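Quick look at final00.txt (compact mmCIF, C-alpha atoms and all ligand atoms):
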```
# COMPACT_ATOMS: atom_id res chain seq x y z
CA MET A 1 8.61 -19.74 5.15
CA ALA A 2 11.57 -17.70 3.89
CA SER A 3 14.40 -17.00 6.30
CA THR A 4 14.19 -14.19 8.85
CA ALA A 5 16.78 -15.73 11.15
CA GLN A 6 18.30 -13.70 13.94
CA ARG A 7 16.86 -10.30 13.24
CA ASN A 8 16.09 -7.80 15.97
CA VAL A 9 12.32 -7.47 15.97
CA LEU A 10 10.09 -5.07 17.91
CA VAL A 11 6.33 -5.65 17.98
CA THR A 12 4.23 -2.90 19.55
CA GLY A 13 1.24 -4.09 21.56
CA GLY A 14 2.65 -7.59 21.36
CA ASN A 15 1.25 -8.76 24.67
CA ARG A 16 -1.98 -10.20 23.28
CA GLY A 17 -4.08 -10.87 20.17
CA ILE A 18 -2.53 -10.40 16.74
CA GLY A 19 0.64 -8.77 18.12
CA LEU A 20 1.33 -11.70 20.43
CA ALA A 21 0.92 -14.18 17.57
CA ILE A 22 3.32 -12.11 15.45
CA ALA A 23 5.89 -11.94 18.26
CA ARG A 24 5.62 -15.68 18.89
CA ALA A 25 6.01 -16.46 15.19
CA PHE A 26 9.21 -14.41 14.92
CA ALA A 27 10.58 -15.96 18.12
CA ALA A 28 9.75 -19.47 16.88
CA GLY A 29 11.64 -18.66 13.67
CA GLY A 30 14.79 -17.85 15.64
CA ASP A 31 14.63 -14.05 15.70
CA ASN A 32 15.42 -11.81 18.67
CA VAL A 33 12.10 -10.38 19.73
CA VAL A 34 10.99 -7.69 22.14
CA ILE A 35 7.38 -6.65 22.52
CA THR A 36 5.99 -3.45 23.93
CA ASN A 37 3.28 -3.47 26.54
CA ARG A 38 1.81 -0.52 28.38
CA SER A 39 2.48 -2.28 31.69
CA GLY A 40 5.95 -3.51 30.68
CA GLU A 41 4.93 -7.09 31.62
CA ALA A 42 6.08 -9.87 29.33
CA PRO A 43 4.01 -12.85 28.18
CA GLU A 44 5.70 -16.18 28.89
CA GLY A 45 8.83 -16.71 26.83
CA LEU A 46 9.03 -13.14 25.50
CA ARG A 47 10.80 -9.98 26.61
CA ALA A 48 8.89 -6.74 27.01
CA VAL A 49 9.48 -3.04 27.45
CA ARG A 50 6.97 -0.45 28.59
CA CYS A 51 5.62 1.81 25.85
CA GLU A 52 2.78 4.29 25.46
CA VAL A 53 2.58 5.02 21.74
CA THR A 54 0.76 8.34 22.20
CA ASP A 55 3.84 9.71 23.97
CA SER A 56 7.00 10.39 21.90
CA ALA A 57 9.29 10.27 24.95
CA SER A 58 7.86 6.88 25.94
CA VAL A 59 8.34 5.55 22.39
CA ASP A 60 11.95 6.78 22.27
CA GLN A 61 12.68 5.26 25.69
CA ALA A 62 11.03 1.96 24.69
CA PHE A 63 13.32 1.69 21.66
CA THR A 64 16.37 2.48 23.79
CA ASP A 65 15.31 -0.21 26.29
CA ALA A 66 14.49 -2.69 23.53
CA GLU A 67 17.82 -2.13 21.80
CA GLU A 68 19.61 -2.83 25.06
CA LEU A 69 17.71 -6.13 25.41
CA LEU A 70 18.26 -6.98 21.76
CA GLY A 71 21.94 -6.03 21.81
CA GLY A 72 21.55 -3.77 18.76
CA PRO A 73 19.15 -1.62 16.75
CA VAL A 74 15.66 -2.73 15.77
CA GLU A 75 15.77 -4.17 12.24
CA VAL A 76 12.11 -5.13 11.95
CA LEU A 77 9.37 -2.93 13.38
CA VAL A 78 5.83 -4.26 13.52
CA ALA A 79 3.59 -1.31 14.40
CA ASN A 80 0.61 -3.24 15.70
CA ALA A 81 -0.71 -1.30 18.71
CA GLY A 82 -4.21 -0.06 18.03
CA ILE A 83 -7.59 0.73 19.52
CA THR A 84 -11.18 1.23 18.46
CA ARG A 85 -13.66 3.72 19.84
CA ASP A 86 -16.74 3.13 17.73
CA THR A 87 -19.72 5.40 17.42
CA LEU A 88 -21.76 6.93 14.61
CA LEU A 89 -20.39 10.03 12.89
CA MET A 90 -22.96 12.41 14.36
CA ARG A 91 -22.15 11.21 17.88
CA MET A 92 -18.39 11.06 17.53
CA SER A 93 -16.63 13.56 19.77
CA ASP A 94 -13.36 15.29 18.91
CA GLU A 95 -11.83 13.23 21.69
CA ASP A 96 -13.08 9.92 20.20
CA PHE A 97 -11.58 10.91 16.88
CA ASP A 98 -8.32 12.36 18.17
CA THR A 99 -7.57 9.50 20.59
CA VAL A 100 -7.92 6.86 17.90
CA LEU A 101 -5.86 8.85 15.38
CA ASP A 102 -3.22 9.60 18.01
CA THR A 103 -2.88 5.92 18.94
CA ASN A 104 -3.28 4.13 15.63
CA LEU A 105 -1.73 6.58 13.17
CA ALA A 106 0.49 9.01 15.08
CA GLY A 107 1.60 6.16 17.37
CA ALA A 108 2.75 4.15 14.35
CA PHE A 109 4.46 7.27 12.95
CA ARG A 110 6.36 7.85 16.21
CA CYS A 111 7.58 4.25 16.23
CA ALA A 112 8.57 4.31 12.55
CA ARG A 113 10.45 7.58 12.99
CA ARG A 114 12.45 6.20 15.90
CA ALA A 115 13.07 2.86 14.18
CA ALA A 116 14.25 4.58 11.00
CA THR A 117 17.24 6.21 12.70
CA GLY A 118 18.93 2.83 13.29
CA MET A 119 17.71 1.42 9.99
CA ILE A 120 19.15 4.31 7.95
CA ARG A 121 22.52 3.87 9.65
CA ARG A 122 22.57 0.17 8.80
CA ARG A 123 21.01 0.70 5.38
CA HIS A 124 18.55 -2.06 6.15
CA GLY A 125 15.16 -2.23 7.79
CA ARG A 126 11.63 -3.53 7.58
CA ILE A 127 8.63 -1.56 8.78
CA ILE A 128 5.28 -3.32 8.81
CA PHE A 129 2.11 -1.49 9.77
CA ILE A 130 -0.93 -3.44 10.95
CA SER A 131 -3.89 -1.69 9.36
CA SER A 132 -7.34 -3.19 8.75
CA VAL A 133 -9.71 -3.86 5.89
CA VAL A 134 -11.78 -1.13 7.54
CA GLY A 135 -9.05 1.30 6.49
CA LEU A 136 -9.47 0.22 2.86
CA TYR A 137 -13.26 0.00 2.58
CA GLY A 138 -14.66 1.96 5.54
CA SER A 139 -17.21 0.82 8.08
CA PRO A 140 -20.23 2.50 9.67
CA GLY A 141 -19.51 3.67 13.20
CA GLN A 142 -15.77 3.58 12.60
CA THR A 143 -14.90 6.85 10.86
CA ASN A 144 -12.07 7.46 13.33
CA TYR A 145 -10.69 3.93 13.10
CA ALA A 146 -11.00 3.79 9.29
CA ALA A 147 -9.25 7.16 8.88
CA SER A 148 -6.43 6.05 11.18
CA LYS A 149 -5.99 2.74 9.39
CA SER A 150 -6.07 4.19 5.87
CA GLY A 151 -3.58 6.81 7.03
CA LEU A 152 -1.10 3.99 7.54
CA VAL A 153 -1.13 3.38 3.78
CA GLY A 154 0.04 6.94 3.09
CA LEU A 155 2.62 6.60 5.84
CA ALA A 156 4.05 3.36 4.41
CA ARG A 157 4.09 4.64 0.85
CA SER A 158 5.77 7.92 1.80
CA ILE A 159 8.41 6.07 3.82
CA THR A 160 8.94 3.83 0.81
CA ARG A 161 9.56 6.84 -1.42
CA GLU A 162 11.72 8.58 1.18
CA LEU A 163 13.83 5.64 2.40
CA GLY A 164 13.49 2.95 -0.25
CA GLY A 165 16.93 3.80 -1.59
CA ARG A 166 18.44 3.09 1.82
CA GLY A 167 17.45 -0.55 2.04
CA ILE A 168 14.28 0.09 4.02
CA THR A 169 10.89 -1.31 3.08
CA ALA A 170 7.55 -0.21 4.54
CA ASN A 171 4.41 -2.24 4.00
CA VAL A 172 0.88 -2.54 5.28
CA VAL A 173 -0.96 -5.68 6.36
CA ALA A 174 -4.73 -5.27 6.46
CA PRO A 175 -6.42 -8.02 8.46
CA GLY A 176 -10.12 -8.72 8.04
CA PHE A 177 -12.03 -10.44 10.84
CA ILE A 178 -9.53 -12.26 12.98
CA GLU A 179 -10.43 -14.44 15.99
CA THR A 180 -9.39 -12.19 18.88
CA ASP A 181 -10.95 -10.57 21.96
CA MET A 182 -11.92 -7.69 19.62
CA THR A 183 -14.10 -9.92 17.41
CA ALA A 184 -15.30 -12.21 20.24
CA ALA A 185 -16.85 -9.15 21.88
CA LEU A 186 -19.14 -8.55 18.87
CA PRO A 187 -22.84 -9.50 19.26
CA GLU A 188 -23.60 -12.97 17.84
CA ALA A 189 -25.93 -11.62 15.16
CA GLN A 190 -23.21 -9.28 13.95
CA GLN A 191 -20.66 -12.10 13.90
CA LYS A 192 -23.06 -14.18 11.75
CA ALA A 193 -23.58 -11.28 9.34
CA TYR A 194 -19.84 -10.78 8.98
CA LEU A 195 -19.27 -14.51 8.43
CA ALA A 196 -21.79 -14.50 5.60
CA SER A 197 -19.74 -11.83 3.81
CA ILE A 198 -16.42 -13.70 3.96
CA PRO A 199 -15.75 -15.92 0.93
CA ALA A 200 -13.51 -18.19 3.06
CA GLY A 201 -16.54 -18.82 5.30
CA ARG A 202 -14.65 -18.33 8.55
CA PHE A 203 -12.82 -15.75 10.62
CA GLY A 204 -9.05 -15.61 10.23
CA ARG A 205 -6.54 -16.80 12.79
CA THR A 206 -3.91 -14.57 14.35
CA GLU A 207 -1.22 -16.94 13.06
CA GLU A 208 -2.39 -16.30 9.50
CA VAL A 209 -1.68 -12.59 9.94
CA ALA A 210 1.70 -13.43 11.49
CA ASP A 211 2.67 -15.53 8.46
CA VAL A 212 2.21 -12.56 6.12
CA VAL A 213 4.09 -10.23 8.46
CA ARG A 214 6.98 -12.69 8.63
CA TYR A 215 7.03 -12.91 4.84
CA LEU A 216 7.31 -9.10 4.59
CA ALA A 217 10.24 -9.18 7.04
CA SER A 218 12.00 -11.98 5.16
CA ASP A 219 14.69 -11.78 2.48
CA ALA A 220 12.10 -13.02 0.00
CA ALA A 221 10.25 -9.69 0.31
CA ALA A 222 13.27 -7.41 -0.26
CA TYR A 223 11.63 -5.93 -3.37
CA VAL A 224 8.16 -5.53 -1.85
CA SER A 225 7.53 -2.03 -0.49
CA GLY A 226 4.54 0.29 -0.28
CA ALA A 227 2.32 -2.76 -0.64
CA VAL A 228 -1.00 -3.27 1.09
CA ILE A 229 -1.72 -6.94 1.71
CA PRO A 230 -5.19 -7.86 2.93
CA VAL A 231 -5.45 -10.99 5.10
CA ASP A 232 -9.21 -11.25 4.99
CA GLY A 233 -10.38 -14.51 3.44
CA GLY A 234 -11.39 -12.61 0.31
CA LEU A 235 -13.73 -10.24 2.14
CA GLY A 236 -12.64 -7.07 0.41
CA MET A 237 -12.02 -8.25 -3.16
P1 LIG B 301 -5.88 -6.03 21.01
O1 LIG B 301 -6.77 -5.01 21.62
O2 LIG B 301 -5.91 -7.43 21.54
O3 LIG B 301 -4.35 -5.52 21.11
C1 LIG B 301 -4.01 -4.18 20.87
C2 LIG B 301 -2.67 -3.92 21.51
O4 LIG B 301 -2.36 -2.53 21.35
C3 LIG B 301 -2.66 -4.20 23.02
O5 LIG B 301 -1.44 -4.81 23.34
C4 LIG B 301 -2.73 -2.82 23.62
O6 LIG B 301 -2.12 -2.73 24.90
C5 LIG B 301 -1.93 -2.01 22.60
N1 LIG B 301 -2.21 -0.58 22.71
C6 LIG B 301 -3.39 0.04 22.56
N2 LIG B 301 -3.26 1.35 22.77
C7 LIG B 301 -1.95 1.58 23.07
C8 LIG B 301 -1.18 2.72 23.41
N3 LIG B 301 -1.75 3.94 23.50
N4 LIG B 301 0.14 2.57 23.65
C9 LIG B 301 0.71 1.36 23.59
N5 LIG B 301 0.04 0.24 23.28
C10 LIG B 301 -1.27 0.34 23.04
O7 LIG B 301 -6.15 -5.97 19.46
P2 LIG B 301 -5.93 -7.03 18.28
O8 LIG B 301 -7.24 -7.50 17.88
O9 LIG B 301 -4.84 -8.00 18.59
O10 LIG B 301 -5.44 -6.02 17.14
C11 LIG B 301 -4.07 -5.75 16.89
C12 LIG B 301 -3.99 -4.79 15.71
O11 LIG B 301 -4.64 -5.38 14.59
C13 LIG B 301 -4.68 -3.46 15.98
O12 LIG B 301 -3.94 -2.43 15.36
C14 LIG B 301 -6.03 -3.65 15.30
O13 LIG B 301 -6.58 -2.42 14.89
C15 LIG B 301 -5.65 -4.51 14.11
N6 LIG B 301 -6.75 -5.31 13.56
C16 LIG B 301 -7.41 -6.24 14.31
C17 LIG B 301 -8.43 -7.00 13.72
C18 LIG B 301 -9.17 -8.08 14.46
O14 LIG B 301 -10.02 -8.73 13.87
N7 LIG B 301 -8.88 -8.34 15.72
C19 LIG B 301 -8.77 -6.78 12.39
C20 LIG B 301 -8.08 -5.82 11.67
C21 LIG B 301 -7.06 -5.10 12.26
```
As structure tokens, the full file:
Amino acid sequence: MASTAQRNVLVTGGNRGIGLAIARAFAAGGDNVVITNRSGEAPEGLRAVRCEVTDSASVDQAFTDAEELLGGPVEVLVANAGITRDTLLMRMSDEDFDTVLDTNLAGAFRCARRAATGMIRRRHGRIIFISSVVGLYGSPGQTNYAASKSGLVGLARSITRELGGRGITANVVAPGFIETDMTAALPEAQQKAYLASIPAGRFGRTEEVADVVRYLASDAAAYVSGAVIPVDGGLGM
């Protein structure tokens, strides 16, 4: 893996699942890592700050707290916090739609906006959005989630055009089915159907998403921006 040594990294929603694996991978590689958690509690071996991504003031405060712990500005932002609230289009309430958009898309925007202030000053920064293959291909019962996750592509590409000349890259990682609480909660029949559609013949591991995120944060990816990288075992090809 290319070097990412000693960067200040913030992973939102890094207390469990994919975010936790990402945070642990950066920490294992020698970076300074802080995660955000809505409770402010830290998983073993990591530092955490409280953050509610639907609230701009909370996001701004979380960055201020994180930067104090890190001893400097955030250089790598992994905008990972996300939720689902699945239901068919005809049954989806405004609230179902708005809550998911506010968390997954506007939440990522709020974090990127705050991170960019320090990155612009230093003329260096890496912003990585955790999207989903659902954002690229859609999924029944997930119009809200798919819209939020495809919105991240426009966000990353616009940031690339706006801030690319200032040493900042913005990319999207789109996981497929990854072994987490989210996928474990699916009915067995649905899990089997999904497995049958994955060329790799298995669900992905959280560490496999973390490897791609770490690559995008590394010096080796300095010329990669506005990219969308699926980590899906070939599901969406
Ligand atoms: P998870 O539910 O285990 O973790 C989500 C994290 O986001 C949690 O830490 C949660 O506290 C945080 N979060 C949610 N709402 C928040 C809010 N309003 N403010 C602050 N934090 C909030 O999910 P996961 O499976 O680890 O997924 C992580 C990311 O990867 C999500 O964005 C998800 O959409 C995406 N993803 C997951 C899969 C999968 O197979 N699990 C596939 C594709 C994409």
**Request:** Might you pull out every residue within 6 Å of His124 of chain A, with only C-alpha atoms counted and same-chain residues fewer than 3 positions away left off, and present them as a count of residues only?
**Result:** 3
Using only C-alpha atoms and all ligand atoms, what does the table of chain A residues within 7 Å of ligand LIG 301 (chain B) look like, with each row giving the shortest atom pair and its distance in Å to one decimal, sorted by chain and ascending number, as JSON lines?
```
{"residue": "A:Thr12", "atom": "CA", "partner": "B:LIG301", "partner_atom": "N5", "distance": 6.4}
{"residue": "A:Gly13", "atom": "CA", "partner": "B:LIG301", "partner_atom": "O5", "distance": 3.3}
{"residue": "A:Gly14", "atom": "CA", "partner": "B:LIG301", "partner_atom": "O5", "distance": 5.3}
{"residue": "A:Asn15", "atom": "CA", "partner": "B:LIG301", "partner_atom": "O5", "distance": 5.0}
{"residue": "A:Arg16", "atom": "CA", "partner": "B:LIG301", "partner_atom": "O2", "distance": 5.1}
{"residue": "A:Gly17", "atom": "CA", "partner": "B:LIG301", "partner_atom": "O9", "distance": 3.4}
{"residue": "A:Ile18", "atom": "CA", "partner": "B:LIG301", "partner_atom": "O9", "distance": 3.8}
{"residue": "A:Gly19", "atom": "CA", "partner": "B:LIG301", "partner_atom": "O9", "distance": 5.6}
{"residue": "A:Asn37", "atom": "CA", "partner": "B:LIG301", "partner_atom": "O6", "distance": 5.7}
{"residue": "A:Arg38", "atom": "CA", "partner": "B:LIG301", "partner_atom": "C9", "distance": 5.3}
{"residue": "A:Cys51", "atom": "CA", "partner": "B:LIG301", "partner_atom": "C9", "distance": 5.4}
{"residue": "A:Glu52", "atom": "CA", "partner": "B:LIG301", "partner_atom": "N4", "distance": 3.6}
{"residue": "A:Val53", "atom": "CA", "partner": "B:LIG301", "partner_atom": "N4", "distance": 4.0}
{"residue": "A:Thr54", "atom": "CA", "partner": "B:LIG301", "partner_atom": "N3", "distance": 5.2}
{"residue": "A:Asn80", "atom": "CA", "partner": "B:LIG301", "partner_atom": "O12", "distance": 4.6}
{"residue": "A:Ala81", "atom": "CA", "partner": "B:LIG301", "partner_atom": "O4", "distance": 3.3}
{"residue": "A:Gly82", "atom": "CA", "partner": "B:LIG301", "partner_atom": "O12", "distance": 3.6}
{"residue": "A:Ile83", "atom": "CA", "partner": "B:LIG301", "partner_atom": "C6", "distance": 5.2}
{"residue": "A:Thr84", "atom": "CA", "partner": "B:LIG301", "partner_atom": "O13", "distance": 6.9}
{"residue": "A:Thr103", "atom": "CA", "partner": "B:LIG301", "partner_atom": "N3", "distance": 5.1}
{"residue": "A:Asn104", "atom": "CA", "partner": "B:LIG301", "partner_atom": "O12", "distance": 6.6}
{"residue": "A:Ile130", "atom": "CA", "partner": "B:LIG301", "partner_atom": "O12", "distance": 5.4}
{"residue": "A:Ser131", "atom": "CA", "partner": "B:LIG301", "partner_atom": "C21", "distance": 5.5}
{"residue": "A:Ser132", "atom": "CA", "partner": "B:LIG301", "partner_atom": "C20", "distance": 4.0}
{"residue": "A:Val133", "atom": "CA", "partner": "B:LIG301", "partner_atom": "C20", "distance": 6.3}
{"residue": "A:Ala174", "atom": "CA", "partner": "B:LIG301", "partner_atom": "C20", "distance": 6.2}
{"residue": "A:Pro175", "atom": "CA", "partner": "B:LIG301", "partner_atom": "C20", "distance": 4.2}
{"residue": "A:Gly176", "atom": "CA", "partner": "B:LIG301", "partner_atom": "C19", "distance": 5.0}
{"residue": "A:Phe177", "atom": "CA", "partner": "B:LIG301", "partner_atom": "O14", "distance": 4.0}
{"residue": "A:Ile178", "atom": "CA", "partner": "B:LIG301", "partner_atom": "O14", "distance": 3.7}
{"residue": "A:Glu179", "atom": "CA", "partner": "B:LIG301", "partner_atom": "O14", "distance": 6.1}
{"residue": "A:Thr180", "atom": "CA", "partner": "B:LIG301", "partner_atom": "N7", "distance": 5.0}
{"residue": "A:Asp181", "atom": "CA", "partner": "B:LIG301", "partner_atom": "O2", "distance": 6.0}
{"residue": "A:Met182", "atom": "CA", "partner": "B:LIG301", "partner_atom": "N7", "distance": 5.0}
{"residue": "A:Thr183", "atom": "CA", "partner": "B:LIG301", "partner_atom": "O14", "distance": 5.5}
```
**Asked** Can you tell me, as a ChimeraX atom specification, what residues are no more than 7 Å from Ser197 of chain A when counting all atoms listed in the file, ignoring any on the same chain fewer than 3 positions away?
**Response** /A:193-194,235
Expected file: the selected residues, C-alpha atoms, as a PDB file, in the frame of the given file:
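Generated output (result-v1.pdb):
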```
ATOM      1  CA  ALA A 193     -23.580 -11.280   9.340  1.00  0.00           C
ATOM      2  CA  TYR A 194     -19.840 -10.780   8.980  1.00  0.00           C
ATOM      3  CA  LEU A 235     -13.730 -10.240   2.140  1.00  0.00           C
TER       4      LEU A 235
END
```
**Item:** Residue contacts of segment 110-113 of chain A (10 Å, all atoms listed in the file) excluding same-chain residues fewer than 6 positions away, as a PyMOL selection string
**Value:** chain A and resi 10+12+53-60+62-63+77-79+102-103+119+126-129+155-156+159+170
Those residues with C-alpha atoms, as a PDB file, in the frame of the given file please?
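What follows is the written file again_8.pdb:
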```
ATOM      1  CA  LEU A  10      10.090  -5.070  17.910  1.00  0.00           C
ATOM      2  CA  THR A  12       4.230  -2.900  19.550  1.00  0.00           C
ATOM      3  CA  VAL A  53       2.580   5.020  21.740  1.00  0.00           C
ATOM      4  CA  THR A  54       0.760   8.340  22.200  1.00  0.00           C
ATOM      5  CA  ASP A  55       3.840   9.710  23.970  1.00  0.00           C
ATOM      6  CA  SER A  56       7.000  10.390  21.900  1.00  0.00           C
ATOM      7  CA  ALA A  57       9.290  10.270  24.950  1.00  0.00           C
ATOM      8  CA  SER A  58       7.860   6.880  25.940  1.00  0.00           C
ATOM      9  CA  VAL A  59       8.340   5.550  22.390  1.00  0.00           C
ATOM     10  CA  ASP A  60      11.950   6.780  22.270  1.00  0.00           C
ATOM     11  CA  ALA A  62      11.030   1.960  24.690  1.00  0.00           C
ATOM     12  CA  PHE A  63      13.320   1.690  21.660  1.00  0.00           C
ATOM     13  CA  LEU A  77       9.370  -2.930  13.380  1.00  0.00           C
ATOM     14  CA  VAL A  78       5.830  -4.260  13.520  1.00  0.00           C
ATOM     15  CA  ALA A  79       3.590  -1.310  14.400  1.00  0.00           C
ATOM     16  CA  ASP A 102      -3.220   9.600  18.010  1.00  0.00           C
ATOM     17  CA  THR A 103      -2.880   5.920  18.940  1.00  0.00           C
ATOM     18  CA  MET A 119      17.710   1.420   9.990  1.00  0.00           C
ATOM     19  CA  ARG A 126      11.630  -3.530   7.580  1.00  0.00           C
ATOM     20  CA  ILE A 127       8.630  -1.560   8.780  1.00  0.00           C
ATOM     21  CA  ILE A 128       5.280  -3.320   8.810  1.00  0.00           C
ATOM     22  CA  PHE A 129       2.110  -1.490   9.770  1.00  0.00           C
ATOM     23  CA  LEU A 155       2.620   6.600   5.840  1.00  0.00           C
ATOM     24  CA  ALA A 156       4.050   3.360   4.410  1.00  0.00           C
ATOM     25  CA  ILE A 159       8.410   6.070   3.820  1.00  0.00           C
ATOM     26  CA  ALA A 170       7.550  -0.210   4.540  1.00  0.00           C
TER      27      ALA A 170
END
```
**Asked** To one decimal place, how far is atom CA of Val76 of chain A from atom CA of Glu44 of chain A in Å?
**Response**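 Separation of atom CA of Val76 of chain A and atom CA of Glu44 of chain A: 21.2 Å.
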**Request:** Skip Pro73 of chain A itself and residues of its chain fewer than 3 positions away, then list as a list in words all residues within 7 Å of it, counting all atoms listed in the file.
**Result:**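 In the requested form, the answer reads Asn8, Glu67 and Gly118 of chain A.
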**Atomic distance atom CA of Gly107 of chain A - atom CA of Thr169 of chain A, expressed in Å with one decimal** = 18.6 Å
**Prompt:** Given the choices A:Ala146, A:Ala220, A:Ala115, A:Leu69, which gets closest to Val100 of chain A if the distance is worked out from all atoms listed in the file?
**Reply:** A:Ala146
**Fill in**
A straight line from atom CA of Gly135 of chain A to atom CA of Val213 of chain A spans 17.6 Å
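Taking only C-alpha atoms into account, Val228 of chain A lies nearest to A:Val153 out of the set A:Gly165, A:Ala21, A:Val153, A:Gly72.
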**Spatial neighbours of Ala200 of chain A, 9 Å, all atoms listed in the file, chain gap at least 3 places, as a ChimeraX atom specification** = /A:195,197,203-204,232-235
Could those selected residues go to a file with C-alpha atoms, as a short mmCIF file (atom, residue, chain, number, x, y, z; two decimals), in the frame of the given file?
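Output (again-v2.cif):
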```
data_model
loop_
_atom_site.label_atom_id
_atom_site.label_comp_id
_atom_site.auth_asym_id
_atom_site.auth_seq_id
_atom_site.Cartn_x
_atom_site.Cartn_y
_atom_site.Cartn_z
CA LEU A 195 -19.27 -14.51 8.43
CA SER A 197 -19.74 -11.83 3.81
CA PHE A 203 -12.82 -15.75 10.62
CA GLY A 204 -9.05 -15.61 10.23
CA ASP A 232 -9.21 -11.25 4.99
CA GLY A 233 -10.38 -14.51 3.44
CA GLY A 234 -11.39 -12.61 0.31
CA LEU A 235 -13.73 -10.24 2.14
#
```
**Prompt:** Smallest atom-to-atom distance to Arg214 of chain A: which of A:Val11, A:Asp86, A:Ala25, A:Glu75, using all atoms listed in the file?
**Reply:** A:Ala25
